[in-house]
$ cat coords.txt   # compact mmCIF, C-alpha atoms and all ligand atoms
# COMPACT_ATOMS: atom_id res chain seq x y z
CA MET A 1 138.75 103.21 56.56
CA VAL A 2 141.66 101.42 54.88
CA THR A 3 141.22 97.97 56.40
CA GLN A 4 138.77 96.64 58.99
CA ARG A 5 140.83 93.54 59.70
CA PRO A 6 143.81 93.67 62.07
CA PRO A 7 146.75 94.69 59.87
CA VAL A 8 149.50 92.17 59.16
CA ILE A 9 151.43 94.84 57.28
CA ASP A 10 151.43 98.40 58.58
CA VAL A 11 154.21 100.62 57.19
CA LYS A 12 154.69 104.36 57.11
CA GLY A 13 156.88 106.72 55.11
CA VAL A 14 158.67 104.09 53.02
CA CYS A 15 161.30 105.78 50.81
CA LYS A 16 163.73 104.24 48.37
CA LYS A 17 166.28 106.16 46.36
CA TYR A 18 168.33 104.03 43.95
CA PRO A 19 171.86 105.05 43.00
CA GLY A 20 171.56 107.53 40.14
CA LYS A 21 168.93 109.48 42.11
CA VAL A 22 165.85 107.47 40.99
CA GLU A 23 163.30 108.03 43.75
CA ALA A 24 161.32 104.80 43.42
CA LEU A 25 159.29 105.26 46.65
CA LYS A 26 158.47 108.66 48.13
CA GLY A 27 156.93 108.09 51.56
CA VAL A 28 154.53 105.18 51.10
CA ASP A 29 152.01 104.43 53.88
CA LEU A 30 150.32 101.05 53.55
CA GLN A 31 148.12 98.73 55.58
CA VAL A 32 147.15 95.20 54.62
CA GLY A 33 144.56 93.35 56.70
CA ALA A 34 144.93 89.78 57.94
CA GLY A 35 143.42 87.11 55.71
CA GLU A 36 142.66 89.39 52.77
CA ILE A 37 143.72 89.30 49.14
CA PHE A 38 145.43 92.64 48.59
CA GLY A 39 146.35 94.03 45.17
CA LEU A 40 149.09 96.57 44.55
CA LEU A 41 148.54 98.28 41.20
CA GLY A 42 150.41 100.91 39.31
CA PRO A 43 151.79 101.79 35.88
CA ASN A 44 155.24 100.53 34.80
CA GLY A 45 157.94 102.02 36.98
CA ALA A 46 155.48 103.11 39.72
CA GLY A 47 157.54 101.31 42.37
CA LYS A 48 155.46 98.16 42.98
CA SER A 49 158.33 95.65 42.85
CA THR A 50 160.54 97.98 44.88
CA LEU A 51 157.93 98.16 47.65
CA LEU A 52 157.50 94.41 47.68
CA LYS A 53 161.28 93.89 47.85
CA VAL A 54 161.57 96.39 50.70
CA LEU A 55 158.93 94.45 52.67
CA LEU A 56 160.83 91.23 52.00
CA THR A 57 164.19 92.89 52.82
CA ILE A 58 165.56 91.97 49.41
CA ILE A 59 166.54 95.62 49.06
CA ARG A 60 167.33 98.13 51.77
CA PRO A 61 164.97 101.12 51.98
CA SER A 62 166.29 104.67 52.35
CA ARG A 63 163.65 105.11 55.07
CA CYS A 64 160.94 102.81 56.45
CA SER A 65 159.08 102.45 59.70
CA GLY A 66 156.41 99.96 60.57
CA VAL A 67 155.68 96.33 61.23
CA MET A 68 154.88 93.10 59.44
CA LEU A 69 153.25 90.30 61.45
CA GLY A 70 153.86 92.36 64.57
CA GLN A 71 157.64 92.66 64.10
CA PRO A 72 159.78 95.40 62.57
CA ILE A 73 160.26 95.04 58.80
CA GLY A 74 163.10 92.63 58.05
CA HIS A 75 162.91 90.73 61.34
CA LYS A 76 164.22 87.19 60.83
CA LYS A 77 161.21 85.57 62.54
CA THR A 78 158.83 87.43 60.20
CA LEU A 79 160.70 86.32 57.10
CA GLN A 80 160.22 82.70 58.17
CA LYS A 81 156.45 83.29 57.98
CA VAL A 82 156.27 84.70 54.46
CA GLY A 83 156.35 83.12 51.00
CA TYR A 84 157.40 84.77 47.74
CA LEU A 85 156.89 84.13 44.05
CA PRO A 86 159.12 86.63 42.18
CA GLU A 87 158.27 88.18 38.82
CA HIS A 88 159.89 86.39 35.81
CA VAL A 89 161.20 83.58 38.00
CA GLN A 90 163.09 80.93 36.01
CA PHE A 91 163.46 77.58 37.72
CA PRO A 92 165.81 75.22 35.84
CA GLU A 93 163.81 73.53 33.08
CA TYR A 94 165.50 70.16 33.68
CA LEU A 95 163.90 69.90 37.16
CA SER A 96 160.49 68.37 37.74
CA GLY A 97 157.79 70.26 39.64
CA ARG A 98 158.41 67.99 42.63
CA GLN A 99 162.14 68.75 42.57
CA VAL A 100 161.46 72.51 42.58
CA ILE A 101 159.32 72.14 45.69
CA ARG A 102 161.91 69.86 47.33
CA TYR A 103 164.67 72.36 46.59
CA ALA A 104 162.62 75.20 48.15
CA ALA A 105 161.90 73.01 51.18
CA GLY A 106 165.62 72.42 51.58
CA LEU A 107 166.31 76.16 51.44
CA SER A 108 163.63 76.72 54.09
CA GLY A 109 165.30 74.16 56.35
CA ILE A 110 162.38 71.74 56.30
CA CYS A 111 163.36 68.33 57.63
CA PRO A 112 163.63 65.80 54.73
CA LYS A 113 161.47 63.40 56.80
CA PHE A 114 158.49 65.80 56.55
CA CYS A 115 159.34 66.99 53.10
CA LYS A 116 157.67 64.13 51.21
CA LYS A 117 154.30 64.71 52.89
CA ARG A 118 154.52 68.46 52.33
CA GLU A 119 155.41 67.92 48.65
CA GLU A 120 152.30 65.80 48.10
CA GLU A 121 150.05 68.28 49.93
CA LEU A 122 151.35 71.22 47.93
CA LEU A 123 151.23 69.43 44.58
CA GLU A 124 147.62 68.51 45.26
CA PHE A 125 146.80 72.02 46.49
CA VAL A 126 147.95 73.65 43.26
CA GLY A 127 146.46 70.86 41.11
CA MET A 128 149.81 69.55 39.84
CA SER A 129 149.94 66.01 41.32
CA ALA A 130 149.53 64.36 37.93
CA TRP A 131 152.44 66.37 36.51
CA ALA A 132 154.71 66.22 39.54
CA ASN A 133 157.45 64.09 37.95
CA ARG A 134 157.46 65.75 34.52
CA LYS A 135 160.21 68.24 33.65
CA LEU A 136 159.39 71.94 33.76
CA ARG A 137 160.23 72.21 30.06
CA THR A 138 157.02 70.27 29.32
CA TYR A 139 154.83 72.63 31.40
CA SER A 140 152.66 75.51 30.21
CA LYS A 141 153.31 78.97 31.71
CA GLY A 142 150.27 78.51 33.99
CA MET A 143 151.62 75.17 35.29
CA LYS A 144 155.05 76.72 35.96
CA GLN A 145 153.38 79.50 37.93
CA ARG A 146 151.40 76.97 39.98
CA ILE A 147 154.64 75.18 40.86
CA GLY A 148 156.09 78.63 41.63
CA LEU A 149 153.20 79.20 44.00
CA ALA A 150 153.67 75.78 45.60
CA GLN A 151 157.34 76.52 46.34
CA ALA A 152 156.24 79.87 47.89
CA LEU A 153 153.96 77.92 50.26
CA VAL A 154 156.51 75.36 51.34
CA ASN A 155 157.14 76.99 54.75
CA ASP A 156 153.39 77.28 55.49
CA PRO A 157 153.51 81.12 55.32
CA GLU A 158 151.04 83.56 56.86
CA ILE A 159 151.60 86.06 54.04
CA VAL A 160 152.26 85.10 50.42
CA PHE A 161 153.78 87.74 48.10
CA LEU A 162 153.13 87.20 44.41
CA ASP A 163 154.75 89.48 41.83
CA GLU A 164 152.73 89.36 38.58
CA PRO A 165 151.60 85.75 39.17
CA THR A 166 149.43 85.49 36.04
CA ASP A 167 151.44 87.59 33.59
CA GLY A 168 151.62 85.65 30.31
CA VAL A 169 149.26 82.94 31.60
CA ASP A 170 146.27 82.00 29.39
CA PRO A 171 142.66 82.59 30.56
CA LYS A 172 142.22 78.98 31.76
CA GLY A 173 145.46 79.16 33.74
CA ARG A 174 144.38 82.49 35.24
CA ALA A 175 141.03 81.09 36.32
CA GLU A 176 142.82 78.13 37.98
CA MET A 177 145.21 80.50 39.75
CA ARG A 178 142.25 82.59 41.01
CA GLU A 179 140.71 79.51 42.56
CA VAL A 180 143.99 78.68 44.34
CA LEU A 181 144.23 82.27 45.64
CA LYS A 182 140.69 82.05 47.04
CA LEU A 183 141.61 78.76 48.72
CA LEU A 184 144.61 80.46 50.33
CA ARG A 185 142.30 83.16 51.68
CA SER A 186 139.89 80.54 53.01
CA GLN A 187 142.83 79.08 54.96
CA GLY A 188 143.26 82.48 56.64
CA ARG A 189 146.44 83.43 54.78
CA THR A 190 147.06 86.96 53.50
CA VAL A 191 147.85 87.23 49.81
CA PHE A 192 149.75 90.28 48.51
CA ILE A 193 149.67 90.54 44.71
CA ASN A 194 151.51 92.96 42.42
CA SER A 195 149.81 93.07 39.06
CA HIS A 196 148.89 95.05 35.97
CA LEU A 197 145.98 92.76 35.23
CA LEU A 198 143.14 94.83 36.64
CA GLY A 199 140.37 92.46 35.57
CA GLU A 200 142.10 89.62 37.42
CA LEU A 201 142.55 91.69 40.58
CA GLU A 202 138.96 92.88 40.46
CA MET A 203 137.78 89.27 40.57
CA VAL A 204 139.75 88.26 43.67
CA CYS A 205 140.95 91.25 45.71
CA ASP A 206 139.35 92.47 48.92
CA SER A 207 141.40 95.66 48.94
CA VAL A 208 143.81 97.49 46.65
CA ALA A 209 146.31 100.33 46.63
CA ILE A 210 147.24 102.31 43.52
CA LEU A 211 150.83 103.47 43.33
CA ASN A 212 151.97 106.20 40.91
CA HIS A 213 155.48 107.68 40.74
CA GLY A 214 156.35 106.13 44.10
CA GLU A 215 153.29 107.47 45.97
CA VAL A 216 150.03 105.81 47.02
CA VAL A 217 147.24 107.69 45.26
CA ARG A 218 144.28 105.45 46.30
CA HIS A 219 143.98 102.82 49.02
CA GLY A 220 140.96 101.00 50.39
CA SER A 221 138.56 98.11 50.05
CA LEU A 222 137.54 97.34 46.50
CA SER A 223 133.84 97.95 47.17
CA GLU A 224 134.61 101.25 48.93
CA LEU A 225 136.81 102.51 46.08
CA THR A 226 134.68 101.42 43.17
CA GLY A 227 131.33 101.99 44.92
CA ARG A 228 130.36 98.54 43.68
CA GLY A 229 127.95 96.20 45.35
CA GLU A 230 125.53 98.75 46.85
CA LYS A 231 122.85 99.04 44.18
CA VAL A 232 121.56 97.20 41.14
CA VAL A 233 121.06 99.32 38.03
CA ILE A 234 118.60 98.46 35.25
CA GLY A 235 119.12 100.35 32.01
CA ILE A 236 115.71 100.95 30.38
CA ARG A 237 114.02 102.37 27.30
CA GLY A 238 110.46 103.53 27.86
CA HIS A 239 108.36 105.41 30.37
CA LEU A 240 107.55 104.41 33.96
CA GLY A 241 104.03 105.53 34.78
CA ALA A 242 102.90 106.32 38.34
CA GLU A 243 101.17 102.96 38.69
CA LEU A 244 104.28 101.03 37.63
CA ARG A 245 106.50 103.10 39.96
CA SER A 246 104.25 102.29 42.92
CA ALA A 247 104.23 98.61 41.96
CA ILE A 248 108.06 98.56 41.88
CA ARG A 249 108.23 100.34 45.26
CA ARG A 250 106.16 97.54 46.77
CA HIS A 251 109.18 95.30 46.06
CA LEU A 252 112.14 97.66 46.39
CA GLU A 253 112.99 101.33 46.91
CA PHE A 254 114.63 102.91 43.88
CA SER A 255 115.74 106.20 42.36
CA MET A 256 114.88 107.17 38.81
CA HIS A 257 117.54 108.39 36.34
CA LYS A 258 117.08 109.40 32.70
CA HIS A 259 117.61 105.95 31.21
CA SER A 260 117.98 103.74 34.28
CA ILE A 261 116.52 102.84 37.63
CA HIS A 262 118.81 102.31 40.65
CA LEU A 263 117.42 99.75 43.06
CA GLU A 264 118.30 99.72 46.75
CA THR A 265 119.68 96.21 46.90
CA ALA A 266 123.00 94.54 46.26
CA GLU A 267 121.36 91.18 45.49
CA LEU A 268 120.56 90.51 41.87
CA GLU A 269 118.05 87.78 42.85
CA ARG A 270 115.80 90.34 44.57
CA VAL A 271 115.45 92.21 41.30
CA GLN A 272 113.53 89.50 39.40
CA PRO A 273 110.01 90.72 40.40
CA VAL A 274 110.95 94.23 39.20
CA ILE A 275 112.13 92.82 35.86
CA ASP A 276 108.83 90.95 35.53
CA LEU A 277 106.89 94.17 36.20
CA LEU A 278 108.91 96.12 33.63
CA ARG A 279 108.29 93.43 31.02
CA GLU A 280 104.56 93.34 31.78
CA HIS A 281 104.47 97.10 31.14
CA ASP A 282 106.45 96.79 27.87
CA VAL A 283 109.47 98.66 29.19
CA VAL A 284 112.58 97.54 27.25
CA ILE A 285 115.45 96.38 29.49
CA GLU A 286 118.77 97.36 27.93
CA SER A 287 121.20 96.39 30.68
CA LEU A 288 121.43 94.96 34.16
CA GLY A 289 124.35 95.28 36.54
CA LYS A 290 125.81 96.66 39.76
CA GLU A 291 126.22 100.39 40.25
CA GLY A 292 129.77 101.69 40.45
CA GLN A 293 133.03 102.09 38.63
CA SER A 294 135.19 99.28 37.26
CA LEU A 295 138.65 98.87 38.76
CA GLU A 296 140.08 99.81 35.37
CA SER A 297 138.29 103.17 35.26
CA LEU A 298 139.18 103.83 38.93
CA PHE A 299 142.82 103.09 38.09
CA LEU A 300 142.88 105.31 34.99
CA ASP A 301 141.07 108.19 36.77
CA SER A 302 143.38 107.99 39.82
CA VAL A 303 146.59 107.85 37.78
CA ASP A 304 145.43 110.66 35.43
CA ALA A 305 144.41 112.86 38.38
CA SER A 306 147.73 112.26 40.13
CA ASN A 307 149.69 113.02 36.92
CA LEU A 308 147.68 116.23 36.42
CA GLU A 309 148.33 117.30 40.00
CA LYS A 310 152.05 116.71 39.53
CA GLY A 311 151.98 118.62 36.24
CA ALA A 312 150.13 121.48 37.92
CA GLY A 313 152.54 121.49 40.84
CA ALA A 314 155.64 121.41 38.63
N1 LIG B 401 168.11 98.36 40.80
C1 LIG B 401 167.68 99.53 40.36
N2 LIG B 401 168.54 100.57 40.16
C2 LIG B 401 168.10 101.77 39.73
N3 LIG B 401 166.79 102.04 39.48
C3 LIG B 401 165.90 101.06 39.65
C4 LIG B 401 166.28 99.76 40.10
N4 LIG B 401 165.17 98.98 40.18
C5 LIG B 401 164.15 99.76 39.81
N5 LIG B 401 164.58 100.99 39.49
C6 LIG B 401 163.74 102.15 39.06
O1 LIG B 401 162.84 102.41 40.12
C7 LIG B 401 161.56 102.77 39.59
C8 LIG B 401 160.50 101.79 40.13
O2 LIG B 401 160.78 100.50 39.60
P1 LIG B 401 159.93 99.21 39.99
O3 LIG B 401 160.52 98.05 39.26
O4 LIG B 401 159.79 99.13 41.45
O5 LIG B 401 158.50 99.59 39.37
P2 LIG B 401 157.26 98.63 39.05
O6 LIG B 401 156.05 99.42 39.41
O7 LIG B 401 157.43 97.31 39.68
O8 LIG B 401 157.39 98.52 37.47
P3 LIG B 401 156.92 97.31 36.48
O9 LIG B 401 155.42 97.32 36.52
O10 LIG B 401 157.42 97.77 35.16
O11 LIG B 401 157.53 96.04 36.97
C9 LIG B 401 161.70 102.74 38.08
O12 LIG B 401 161.99 104.06 37.65
C10 LIG B 401 162.89 101.82 37.85
O13 LIG B 401 163.55 102.16 36.66

$ encode --input "coords.txt" --output "structure tokens"
Amino acid sequence: MVTQRPPVIDVKGVCKKYPGKVEALKGVDLQVGAGEIFGLLGPNGAGKSTLLKVLLTIIRPSRCSGVMLGQPIGHKKTLQKVGYLPEHVQFPEYLSGRQVIRYAAGLSGICPKFCKKREEELLEFVGMSAWANRKLRTYSKGMKQRIGLAQALVNDPEIVFLDEPTDGVDPKGRAEMREVLKLLRSQGRTVFINSHLLGELEMVCDSVAILNHGEVVRHGSLSELTGRGEKVVIGIRGHLGAELRSAIRRHLEFSMHKHSIHLETAELERVQPVIDLLREHDVVIESLGKEGQSLESLFLDSVDASNLEKGAGA
């Protein structure tokens, strides 16, 4: 199952051949569910920006069928309901954050009468009210990106496309951006992020797709793909006698591995009595965490497997 939510983006067989015969997209099928944070990952040159620009009709695909917000890709009405923060965007440094938002509002045809109120709302939303009248040249990269996000939200979009929104942003700025993304999701908006920063995506995304050489190699919910969230694993050193095993089973079912026990719960809080029992029986606890793969190892495995397949097929 790719997405359980009604899809706001549902495209099939997207192809893009650039002049010079670069085949950037080779028949991409993609679904993005309403109100989710979706991450598009892939190595450099995989075709992520091309796909995003096809969806936004910035570039013309060689072939594409499907819908976005219930309308064919590129429909004018749909484009009025999306926001976009491009990669490496450079707003003029002599403008203030407020002026950038005002300029975007003008481009979106927002009536100047309502513009002031919208400006204040957006500045507050991205946490930039105190800096609103300062020039962009005095901002950090994270602040510039938050203003970039605010201008992408000026038309109250249903889907927000963000191309590498936290590239070059420091850890504090990234954490602030994550909070804003979660707020967008809580408002029911869909967020579509292109990024290389797997750790960042892992913290916020509901679902991801991995693109390699213009093809989708993995696509699904994050928990489904990584197998995370189903079981808690305790790494141990020591022996579990029959009596201790029965005592643990009175709290939770589990399976025994060579150096770990895998408990049938996704809730770390339910594991505390088991930890107490292990300690009472002098079993050393070496680690505690959720079962499953990290997004990084899923990404590397998927890209390696796809490259091998291509090598084998060549
Ligand atoms: N305007 C263009 N003309 C010709 N080829 C292009 C053009 N834009 C992109 N490409 C090529 O298409 C392929 C996909 O590029 P794209 O920028 O979509 O990848 P990406 O996954 O976004 O990469 P990155 O992570 O480096 O931004 C690459 O081989 C790139 O060189």

$ residues_near_ligand --input "coords.txt" --ligand "ligand LIG 401 (chain B)" --cutoff "12 Å" --atoms "all atoms listed in the file" --output "compact mmCIF listing (two decimals) with C-alpha atoms, in the coordinates of the input"
# COMPACT_ATOMS: atom_id res chain seq x y z
CA CYS A 15 161.30 105.78 50.81
CA LYS A 16 163.73 104.24 48.37
CA LYS A 17 166.28 106.16 46.36
CA TYR A 18 168.33 104.03 43.95
CA PRO A 19 171.86 105.05 43.00
CA GLY A 20 171.56 107.53 40.14
CA LYS A 21 168.93 109.48 42.11
CA VAL A 22 165.85 107.47 40.99
CA GLU A 23 163.30 108.03 43.75
CA ALA A 24 161.32 104.80 43.42
CA LEU A 25 159.29 105.26 46.65
CA LYS A 26 158.47 108.66 48.13
CA LEU A 40 149.09 96.57 44.55
CA LEU A 41 148.54 98.28 41.20
CA GLY A 42 150.41 100.91 39.31
CA PRO A 43 151.79 101.79 35.88
CA ASN A 44 155.24 100.53 34.80
CA GLY A 45 157.94 102.02 36.98
CA ALA A 46 155.48 103.11 39.72
CA GLY A 47 157.54 101.31 42.37
CA LYS A 48 155.46 98.16 42.98
CA SER A 49 158.33 95.65 42.85
CA THR A 50 160.54 97.98 44.88
CA LEU A 51 157.93 98.16 47.65
CA LEU A 52 157.50 94.41 47.68
CA LYS A 53 161.28 93.89 47.85
CA VAL A 54 161.57 96.39 50.70
CA ILE A 58 165.56 91.97 49.41
CA ILE A 59 166.54 95.62 49.06
CA ARG A 60 167.33 98.13 51.77
CA PRO A 61 164.97 101.12 51.98
CA PRO A 86 159.12 86.63 42.18
CA GLU A 87 158.27 88.18 38.82
CA HIS A 88 159.89 86.39 35.81
CA LEU A 162 153.13 87.20 44.41
CA ASP A 163 154.75 89.48 41.83
CA GLU A 164 152.73 89.36 38.58
CA ASP A 167 151.44 87.59 33.59
CA ILE A 193 149.67 90.54 44.71
CA ASN A 194 151.51 92.96 42.42
CA SER A 195 149.81 93.07 39.06
CA HIS A 196 148.89 95.05 35.97
CA LEU A 197 145.98 92.76 35.23
CA ILE A 210 147.24 102.31 43.52
CA LEU A 211 150.83 103.47 43.33
CA ASN A 212 151.97 106.20 40.91
CA HIS A 213 155.48 107.68 40.74
CA GLY A 214 156.35 106.13 44.10
CA GLU A 215 153.29 107.47 45.97
CA VAL A 216 150.03 105.81 47.02

$ closest_residue --input "coords.txt" --among "A:Leu85, A:Val233, A:Cys205, A:Met143" --to "A:Leu288" --atoms "all atoms listed in the file"
A:Val233

$ atom_distance --input "coords.txt" --atom1 "atom CA of A:Met68" --atom2 "atom CA of A:Ser221"
19.5 Å

$ atom_distance --input "coords.txt" --atom1 "atom CA of A:Arg134" --atom2 "atom CA of A:Gly148"
14.8 Å

$ closest_residue --input "coords.txt" --among "A:Ala266, A:Val160, A:Val217, A:Ala132" --to "A:Ala34" --atoms "all atoms listed in the file"
A:Val160

$ residues_around --input "coords.txt" --residues "stretch 89-102 of chain A" --least-positions-apart "5" --cutoff "7 Å" --atoms "all atoms listed in the file" --output "list in words"
Cys115, Glu119, Ala132, Asn133, Arg134, Lys135, Leu136, Arg137, Ile147, Ala150 and Gln151 of chain A

$ atom_distance --input "coords.txt" --atom1 "atom CA of A:Glu296" --atom2 "atom CA of A:Gly199"
7.4 Å

$ residues_around --input "coords.txt" --residues "A:Lys117" --least-positions-apart "4" --cutoff "12 Å" --atoms "only C-alpha atoms" --output "VMD selection string"
chain A and resid 98 101 to 102 105 110 to 113 121 to 124 154
